[in-house]
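Notes follow the structure.
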Amino acid sequence: MRVFGQYFLPAVMLTVLLFLSSLWLPQGRVQDCELSWFPCLSILSETKKHSTSTAGSCFCSCFSFLYPSVPQVESAATAGRLVSTSSNKPSNRNNINLNNSAGIGMCPGQSFQVSRLLLYLNAALGPASDVMLEPYLLCWEELIKFMEALGPLVGFFTGKVQEKITLIRLLMEEETAKFNFLSDSQFTHNPQRHAYSSVRSMLEAELQRGVVNFYRRTDSGSRTLLRLHRSLLWLQLLLEKVVDEGRSDGGRTLGALCAEAYEQALAPYHPWLLQQAAQLAFKAMPNRAALLPIVCVRTQEEAEPIIRIIIAAIREVHLRTQTELEQRTMMNLP
């Protein structure tokens, strides 16, 4: 019994110390979690601007000591940190601050949330003009809700987008399993970065592994990302055309604007039958006033600044992705 007491107390103390050391909480942005090799339970992002700002917070779960997952966030406080940037080249900053004068908040009883989309877009802006992959996919899941709100006939677009999200996520899961195995087998943290943590790391890793083929179709993450990239441009152009159309009641319909954006961004890459199906879907779309409840406003005057904020955030993510694809001549993968 005396021997038991001699070793029991030190063992308990050692266990408590190990537990406390595992609860290290790195302070910073969501993007900083990606750079950490330790499990992070939470990251607090505090914004104090004037007397109306509030602190935003979100949980970040890093599995395998590496990969960050950005959860659903109910607070829109951090959305006020986004601002528009130049349309000519991607910003070097890790986040963009958008005009918080729009006062964007959560819209009760609605699936699509502007505040959540902006939060994910901001979280996707990684260091050195990179794009973090998980928040990027979360952006797309929110944009799917936006497209579904435009009408059921746009469903053939959302179905294809969801397929691409699922494919990239499967590649991420396979990479995580491989990474975990290597880390466990070596009894140490693998110094190599997770290949599917960001757009840049994914493109580079797939090139080095010979996964990308420039002459025939493959189910690579790079090719799949390119398809999502083109669709993101379509949505960006659509929103820009909605703003450019102004407040005129006699302007073009939402379907006509969708069709024009489609012709510019997607039609050159789609077969004739798919183009015809798209045109039919656009003709059945509601008028432009249907956008107002989707972005949780009542008038065009209220909608315009919010749509401009969304455009600026999407443009930054799109430009960064475009740069990474162009540097590796991946803009025309079959």
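Ordered as shown in the structure tokens, chains take letters A, B, and onward, while each chain numbers its residues from 1 and ligands are numbered from 1 in the order shown.
Residues in contact with A:Gly210 at up to 10 Å, not including ones fewer than 4 positions away on its chain and judged by only C-alpha atoms, are Ala205, Glu206 and Ser220 of chain A.
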Any chance you could export the current selection's N, CA and C atoms as a short mmCIF file (atom, residue, chain, number, x, y, z; two decimals), in the first residue's frame?
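Now in again04.cif:
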```cif
data_model
loop_
_atom_site.label_atom_id
_atom_site.label_comp_id
_atom_site.auth_asym_id
_atom_site.auth_seq_id
_atom_site.Cartn_x
_atom_site.Cartn_y
_atom_site.Cartn_z
N ALA A 205 1.21 20.11 -54.68
CA ALA A 205 1.36 18.69 -54.34
C ALA A 205 0.89 17.79 -55.48
N GLU A 206 -0.24 18.14 -56.09
CA GLU A 206 -0.76 17.31 -57.17
C GLU A 206 0.13 17.37 -58.41
N SER A 220 -8.72 15.01 -60.35
CA SER A 220 -7.79 15.68 -59.45
C SER A 220 -8.48 16.85 -58.75
#
```
All residues 10 Å or closer to A:Cys258, only C-alpha atoms, same chain fewer than 2 positions away omitted, as an mmCIF file with all heavy atoms, in the first residue's frame:
```cif
data_model
loop_
_atom_site.group_PDB
_atom_site.id
_atom_site.type_symbol
_atom_site.label_atom_id
_atom_site.label_comp_id
_atom_site.auth_asym_id
_atom_site.auth_seq_id
_atom_site.Cartn_x
_atom_site.Cartn_y
_atom_site.Cartn_z
ATOM 1 N N TRP A 234 -18.885 33.305 -62.443
ATOM 2 C CA TRP A 234 -20.260 33.500 -62.905
ATOM 3 C C TRP A 234 -21.094 34.234 -61.853
ATOM 4 O O TRP A 234 -21.806 35.204 -62.170
ATOM 5 C CB TRP A 234 -20.900 32.138 -63.227
ATOM 6 C CG TRP A 234 -22.374 32.200 -63.452
ATOM 7 C CD1 TRP A 234 -23.037 32.965 -64.364
ATOM 8 C CD2 TRP A 234 -23.387 31.487 -62.730
ATOM 9 N NE1 TRP A 234 -24.400 32.771 -64.267
ATOM 10 C CE2 TRP A 234 -24.632 31.859 -63.273
ATOM 11 C CE3 TRP A 234 -23.353 30.555 -61.703
ATOM 12 C CZ2 TRP A 234 -25.844 31.345 -62.797
ATOM 13 C CZ3 TRP A 234 -24.554 30.040 -61.237
ATOM 14 C CH2 TRP A 234 -25.772 30.435 -61.784
ATOM 15 N N LEU A 235 -21.003 33.812 -60.597
ATOM 16 C CA LEU A 235 -21.759 34.484 -59.534
ATOM 17 C C LEU A 235 -21.269 35.903 -59.319
ATOM 18 O O LEU A 235 -22.072 36.820 -59.075
ATOM 19 C CB LEU A 235 -21.651 33.677 -58.239
ATOM 20 C CG LEU A 235 -22.439 32.364 -58.206
ATOM 21 C CD1 LEU A 235 -22.117 31.577 -56.945
ATOM 22 C CD2 LEU A 235 -23.933 32.633 -58.308
ATOM 23 N N LEU A 237 -19.927 37.908 -61.590
ATOM 24 C CA LEU A 237 -20.427 38.717 -62.713
ATOM 25 C C LEU A 237 -21.918 38.982 -62.575
ATOM 26 O O LEU A 237 -22.397 40.088 -62.879
ATOM 27 C CB LEU A 237 -20.142 38.001 -64.038
ATOM 28 C CG LEU A 237 -18.668 37.894 -64.436
ATOM 29 C CD1 LEU A 237 -18.528 37.057 -65.705
ATOM 30 C CD2 LEU A 237 -18.053 39.262 -64.627
ATOM 31 N N LEU A 238 -22.664 37.984 -62.118
ATOM 32 C CA LEU A 238 -24.105 38.163 -61.923
ATOM 33 C C LEU A 238 -24.379 39.289 -60.935
ATOM 34 O O LEU A 238 -25.192 40.192 -61.200
ATOM 35 C CB LEU A 238 -24.736 36.864 -61.431
ATOM 36 C CG LEU A 238 -26.170 36.975 -60.901
ATOM 37 C CD1 LEU A 238 -27.125 37.457 -61.988
ATOM 38 C CD2 LEU A 238 -26.632 35.642 -60.312
ATOM 39 N N LEU A 239 -23.706 39.259 -59.792
ATOM 40 C CA LEU A 239 -23.931 40.288 -58.777
ATOM 41 C C LEU A 239 -23.489 41.661 -59.272
ATOM 42 O O LEU A 239 -24.132 42.680 -58.974
ATOM 43 C CB LEU A 239 -23.191 39.914 -57.489
ATOM 44 C CG LEU A 239 -23.701 38.646 -56.784
ATOM 45 C CD1 LEU A 239 -22.828 38.307 -55.588
ATOM 46 C CD2 LEU A 239 -25.153 38.813 -56.354
ATOM 47 N N LYS A 241 -23.608 42.679 -62.340
ATOM 48 C CA LYS A 241 -24.631 43.123 -63.293
ATOM 49 C C LYS A 241 -25.894 43.583 -62.570
ATOM 50 O O LYS A 241 -26.565 44.525 -63.012
ATOM 51 C CB LYS A 241 -24.956 41.991 -64.275
ATOM 52 C CG LYS A 241 -23.803 41.661 -65.203
ATOM 53 C CD LYS A 241 -24.119 40.495 -66.123
ATOM 54 C CE LYS A 241 -22.883 40.074 -66.896
ATOM 55 N NZ LYS A 241 -22.318 41.161 -67.726
ATOM 56 N N VAL A 242 -26.217 42.941 -61.459
ATOM 57 C CA VAL A 242 -27.368 43.362 -60.663
ATOM 58 C C VAL A 242 -27.156 44.784 -60.152
ATOM 59 O O VAL A 242 -28.063 45.629 -60.187
ATOM 60 C CB VAL A 242 -27.610 42.397 -59.490
ATOM 61 C CG1 VAL A 242 -28.608 42.980 -58.495
ATOM 62 C CG2 VAL A 242 -28.123 41.051 -60.010
ATOM 63 N N THR A 253 -34.319 41.520 -66.633
ATOM 64 C CA THR A 253 -34.732 40.603 -65.583
ATOM 65 C C THR A 253 -33.511 39.913 -64.972
ATOM 66 O O THR A 253 -32.417 39.917 -65.548
ATOM 67 C CB THR A 253 -35.676 39.537 -66.136
ATOM 68 O OG1 THR A 253 -34.959 38.733 -67.088
ATOM 69 C CG2 THR A 253 -36.886 40.171 -66.806
ATOM 70 N N LEU A 254 -33.732 39.295 -63.820
ATOM 71 C CA LEU A 254 -32.665 38.547 -63.169
ATOM 72 C C LEU A 254 -32.220 37.392 -64.056
ATOM 73 O O LEU A 254 -31.019 37.082 -64.135
ATOM 74 C CB LEU A 254 -33.150 38.020 -61.810
ATOM 75 C CG LEU A 254 -32.127 37.293 -60.944
ATOM 76 C CD1 LEU A 254 -30.949 38.198 -60.613
ATOM 77 C CD2 LEU A 254 -32.791 36.785 -59.671
ATOM 78 N N GLY A 255 -33.166 36.767 -64.747
ATOM 79 C CA GLY A 255 -32.817 35.682 -65.653
ATOM 80 C C GLY A 255 -31.930 36.141 -66.791
ATOM 81 O O GLY A 255 -30.985 35.439 -67.182
ATOM 82 N N ALA A 256 -32.215 37.332 -67.326
ATOM 83 C CA ALA A 256 -31.392 37.870 -68.416
ATOM 84 C C ALA A 256 -29.981 38.179 -67.930
ATOM 85 O O ALA A 256 -28.995 37.944 -68.645
ATOM 86 C CB ALA A 256 -32.035 39.128 -68.985
ATOM 87 N N GLU A 260 -26.523 36.359 -69.252
ATOM 88 C CA GLU A 260 -25.373 37.100 -69.771
ATOM 89 C C GLU A 260 -24.096 36.720 -69.026
ATOM 90 O O GLU A 260 -23.032 36.528 -69.640
ATOM 91 C CB GLU A 260 -25.627 38.595 -69.659
ATOM 92 C CG GLU A 260 -24.538 39.448 -70.283
ATOM 93 C CD GLU A 260 -24.899 40.929 -70.253
ATOM 94 O OE1 GLU A 260 -25.553 41.407 -71.201
ATOM 95 O OE2 GLU A 260 -24.521 41.596 -69.268
ATOM 96 N N ALA A 261 -24.184 36.619 -67.688
ATOM 97 C CA ALA A 261 -23.012 36.220 -66.895
ATOM 98 C C ALA A 261 -22.593 34.797 -67.243
ATOM 99 O O ALA A 261 -21.394 34.485 -67.314
ATOM 100 C CB ALA A 261 -23.333 36.330 -65.404
ATOM 101 N N TYR A 262 -23.574 33.938 -67.495
ATOM 102 C CA TYR A 262 -23.284 32.552 -67.868
ATOM 103 C C TYR A 262 -22.539 32.490 -69.207
ATOM 104 O O TYR A 262 -21.585 31.727 -69.355
ATOM 105 C CB TYR A 262 -24.583 31.758 -67.940
ATOM 106 C CG TYR A 262 -24.427 30.353 -68.474
ATOM 107 C CD1 TYR A 262 -23.991 29.325 -67.641
ATOM 108 C CD2 TYR A 262 -24.716 30.056 -69.802
ATOM 109 C CE1 TYR A 262 -23.847 28.041 -68.121
ATOM 110 C CE2 TYR A 262 -24.561 28.772 -70.291
ATOM 111 C CZ TYR A 262 -24.133 27.768 -69.450
ATOM 112 O OH TYR A 262 -23.972 26.496 -69.943
ATOM 113 N N GLU A 263 -22.979 33.276 -70.164
ATOM 114 C CA GLU A 263 -22.325 33.295 -71.479
ATOM 115 C C GLU A 263 -20.865 33.715 -71.367
ATOM 116 O O GLU A 263 -20.004 33.234 -72.104
ATOM 117 C CB GLU A 263 -23.069 34.253 -72.420
ATOM 118 C CG GLU A 263 -24.418 33.745 -72.892
ATOM 119 C CD GLU A 263 -24.286 32.500 -73.757
ATOM 120 O OE1 GLU A 263 -23.298 32.404 -74.521
ATOM 121 O OE2 GLU A 263 -25.156 31.619 -73.655
ATOM 122 N N ALA A 278 -29.469 25.505 -69.445
ATOM 123 C CA ALA A 278 -29.223 26.695 -68.627
ATOM 124 C C ALA A 278 -30.100 27.854 -69.060
ATOM 125 O O ALA A 278 -30.688 28.556 -68.225
ATOM 126 C CB ALA A 278 -27.744 27.085 -68.711
ATOM 127 N N GLN A 279 -30.223 28.054 -70.358
ATOM 128 C CA GLN A 279 -31.044 29.156 -70.859
ATOM 129 C C GLN A 279 -32.507 28.987 -70.440
ATOM 130 O O GLN A 279 -33.182 29.961 -70.101
ATOM 131 C CB GLN A 279 -30.927 29.234 -72.384
ATOM 132 C CG GLN A 279 -29.539 29.596 -72.897
ATOM 133 C CD GLN A 279 -29.056 30.951 -72.398
ATOM 134 O OE1 GLN A 279 -29.850 31.850 -72.104
ATOM 135 N NE2 GLN A 279 -27.744 31.103 -72.316
ATOM 136 N N ALA A 281 -33.573 27.428 -67.760
ATOM 137 C CA ALA A 281 -33.644 27.700 -66.322
ATOM 138 C C ALA A 281 -33.633 29.191 -66.045
ATOM 139 O O ALA A 281 -34.359 29.686 -65.174
ATOM 140 C CB ALA A 281 -32.475 27.015 -65.612
ATOM 141 N N PHE A 282 -32.833 29.945 -66.771
ATOM 142 C CA PHE A 282 -32.747 31.388 -66.558
ATOM 143 C C PHE A 282 -34.063 32.084 -66.898
ATOM 144 O O PHE A 282 -34.453 33.050 -66.247
ATOM 145 C CB PHE A 282 -31.608 31.976 -67.391
ATOM 146 C CG PHE A 282 -30.249 31.464 -66.996
ATOM 147 C CD1 PHE A 282 -29.253 31.264 -67.953
ATOM 148 C CD2 PHE A 282 -29.956 31.164 -65.670
ATOM 149 C CE1 PHE A 282 -28.003 30.786 -67.598
ATOM 150 C CE2 PHE A 282 -28.703 30.685 -65.308
ATOM 151 C CZ PHE A 282 -27.732 30.489 -66.275
ATOM 152 N N LYS A 283 -34.749 31.586 -67.918
ATOM 153 C CA LYS A 283 -36.030 32.202 -68.310
ATOM 154 C C LYS A 283 -37.094 32.030 -67.233
ATOM 155 O O LYS A 283 -38.035 32.821 -67.151
ATOM 156 C CB LYS A 283 -36.510 31.594 -69.623
ATOM 157 C CG LYS A 283 -35.675 32.014 -70.825
ATOM 158 C CD LYS A 283 -36.178 31.373 -72.104
ATOM 159 C CE LYS A 283 -35.322 31.796 -73.302
ATOM 160 N NZ LYS A 283 -35.762 31.150 -74.560
ATOM 161 N N MET A 285 -36.528 32.162 -64.024
ATOM 162 C CA MET A 285 -36.099 32.774 -62.766
ATOM 163 C C MET A 285 -36.999 33.952 -62.396
ATOM 164 O O MET A 285 -37.606 34.586 -63.269
ATOM 165 C CB MET A 285 -34.646 33.239 -62.874
ATOM 166 C CG MET A 285 -33.652 32.093 -62.911
ATOM 167 S SD MET A 285 -31.941 32.670 -62.920
ATOM 168 C CE MET A 285 -31.790 33.275 -61.241
#
```
What does the distance from atom CA of A:Cys139 to atom CA of A:Met331 come to in Å, to one decimal?
21.2 Å
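What separates atom CA of A:Gln322 from atom CA of A:Val154 is a distance of 25.2 Å.
As for atom CA of A:Pro127 and atom CA of A:Leu203, they are spaced 16.1 Å apart.
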I'd like to know which residues of stretch 95-253 of chain A are helix (DSSP H, G or I) (by DSSP, run on the backbone); could you write them as a ChimeraX atom specification?
/A:100-102,114-123,127-129,133-149,152-185,199-208,221-245
Applying 9 Å and only C-alpha atoms, which residues near A:Gln113 remain after dropping the ones on its own chain fewer than 6 positions away? List them as a ChimeraX atom specification.
/A:105-107,142,145-146,294-296
Selected residues, N, CA and C atoms, written as a tab-separated table (two decimals), in the first residue's frame, please.
```tsv
chain	number	residue	atom	x	y	z
A	105	GLY	N	-26.35	41.63	-40.47
A	105	GLY	CA	-26.59	40.73	-39.35
A	105	GLY	C	-27.22	39.44	-39.82
A	106	MET	N	-27.57	38.58	-38.89
A	106	MET	CA	-28.22	37.32	-39.23
A	106	MET	C	-29.66	37.58	-39.64
A	107	CYS	N	-30.13	36.85	-40.64
A	107	CYS	CA	-31.50	37.00	-41.13
A	107	CYS	C	-32.33	35.83	-40.60
A	142	GLU	N	-22.40	27.79	-48.70
A	142	GLU	CA	-23.31	28.92	-48.45
A	142	GLU	C	-23.84	29.48	-49.76
A	145	LYS	N	-26.80	27.61	-51.10
A	145	LYS	CA	-28.07	28.06	-50.49
A	145	LYS	C	-28.58	29.30	-51.20
A	146	PHE	N	-27.66	30.19	-51.59
A	146	PHE	CA	-28.05	31.39	-52.32
A	146	PHE	C	-28.67	31.03	-53.66
A	294	ILE	N	-33.60	37.66	-50.03
A	294	ILE	CA	-32.48	36.74	-49.90
A	294	ILE	C	-31.34	37.39	-49.13
A	295	VAL	N	-31.11	38.69	-49.37
A	295	VAL	CA	-30.07	39.41	-48.63
A	295	VAL	C	-30.65	40.17	-47.45
A	296	CYS	N	-31.92	39.87	-47.15
A	296	CYS	CA	-32.57	40.35	-45.93
A	296	CYS	C	-32.76	41.87	-45.89
```
Who sits within 10 Å of A:Ala290, only C-alpha atoms, same chain under 6 positions skipped, as a ChimeraX atom specification:
/A:149-151,254
Next, write the just-selected residues to a file, as a PDB file, in the first residue's frame, keeping all heavy atoms as the atom set.
```pdb
ATOM      1  N   ALA A 149     -32.077  29.558 -53.383  1.00  0.00           N
ATOM      2  CA  ALA A 149     -33.097  30.564 -53.068  1.00  0.00           C
ATOM      3  C   ALA A 149     -33.591  31.281 -54.320  1.00  0.00           C
ATOM      4  O   ALA A 149     -34.667  31.880 -54.319  1.00  0.00           O
ATOM      5  CB  ALA A 149     -32.535  31.584 -52.071  1.00  0.00           C
ATOM      6  N   LEU A 150     -32.805  31.210 -55.409  1.00  0.00           N
ATOM      7  CA  LEU A 150     -33.209  31.861 -56.652  1.00  0.00           C
ATOM      8  C   LEU A 150     -34.265  31.065 -57.411  1.00  0.00           C
ATOM      9  O   LEU A 150     -34.869  31.583 -58.349  1.00  0.00           O
ATOM     10  CB  LEU A 150     -31.989  32.076 -57.559  1.00  0.00           C
ATOM     11  CG  LEU A 150     -30.934  33.057 -57.050  1.00  0.00           C
ATOM     12  CD1 LEU A 150     -29.756  33.102 -58.010  1.00  0.00           C
ATOM     13  CD2 LEU A 150     -31.528  34.449 -56.882  1.00  0.00           C
ATOM     14  N   GLY A 151     -34.461  29.822 -57.037  1.00  0.00           N
ATOM     15  CA  GLY A 151     -35.476  29.020 -57.707  1.00  0.00           C
ATOM     16  C   GLY A 151     -35.038  27.589 -57.899  1.00  0.00           C
ATOM     17  O   GLY A 151     -33.831  27.310 -58.026  1.00  0.00           O
ATOM     18  N   LEU A 254     -33.732  39.295 -63.820  1.00  0.00           N
ATOM     19  CA  LEU A 254     -32.665  38.547 -63.169  1.00  0.00           C
ATOM     20  C   LEU A 254     -32.220  37.392 -64.056  1.00  0.00           C
ATOM     21  O   LEU A 254     -31.019  37.082 -64.135  1.00  0.00           O
ATOM     22  CB  LEU A 254     -33.150  38.020 -61.810  1.00  0.00           C
ATOM     23  CG  LEU A 254     -32.127  37.293 -60.944  1.00  0.00           C
ATOM     24  CD1 LEU A 254     -30.949  38.198 -60.613  1.00  0.00           C
ATOM     25  CD2 LEU A 254     -32.791  36.785 -59.671  1.00  0.00           C
TER      26      LEU A 254
END
```
Which parts of stretch 92-274 of chain A does DSSP call strand (DSSP E or B) when run on the backbone here, written out as a PyMOL selection string?
chain A and resi 97+125+131-132+198
I'd like a table as JSON lines: residues in stretch 187-274 of chain A with an atom no more than 7 Å from stretch 307-320 of chain A, each row giving the shortest atom pair and its distance in Å to one decimal, only C-alpha atoms counted, sorted by chain and rising residue number.
```
{"residue": "A:His229", "atom": "CA", "partner": "A:His318", "partner_atom": "CA", "distance": 6.8}
{"residue": "A:Gln236", "atom": "CA", "partner": "A:Ile311", "partner_atom": "CA", "distance": 6.0}
{"residue": "A:Leu239", "atom": "CA", "partner": "A:Ile311", "partner_atom": "CA", "distance": 6.7}
{"residue": "A:Glu240", "atom": "CA", "partner": "A:Ile311", "partner_atom": "CA", "distance": 6.9}
```
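Of the listed residues (A:Arg200, A:Arg116, A:Arg288, A:Arg227), A:Arg227 comes nearest to A:Lys160; the distances count only C-alpha atoms.
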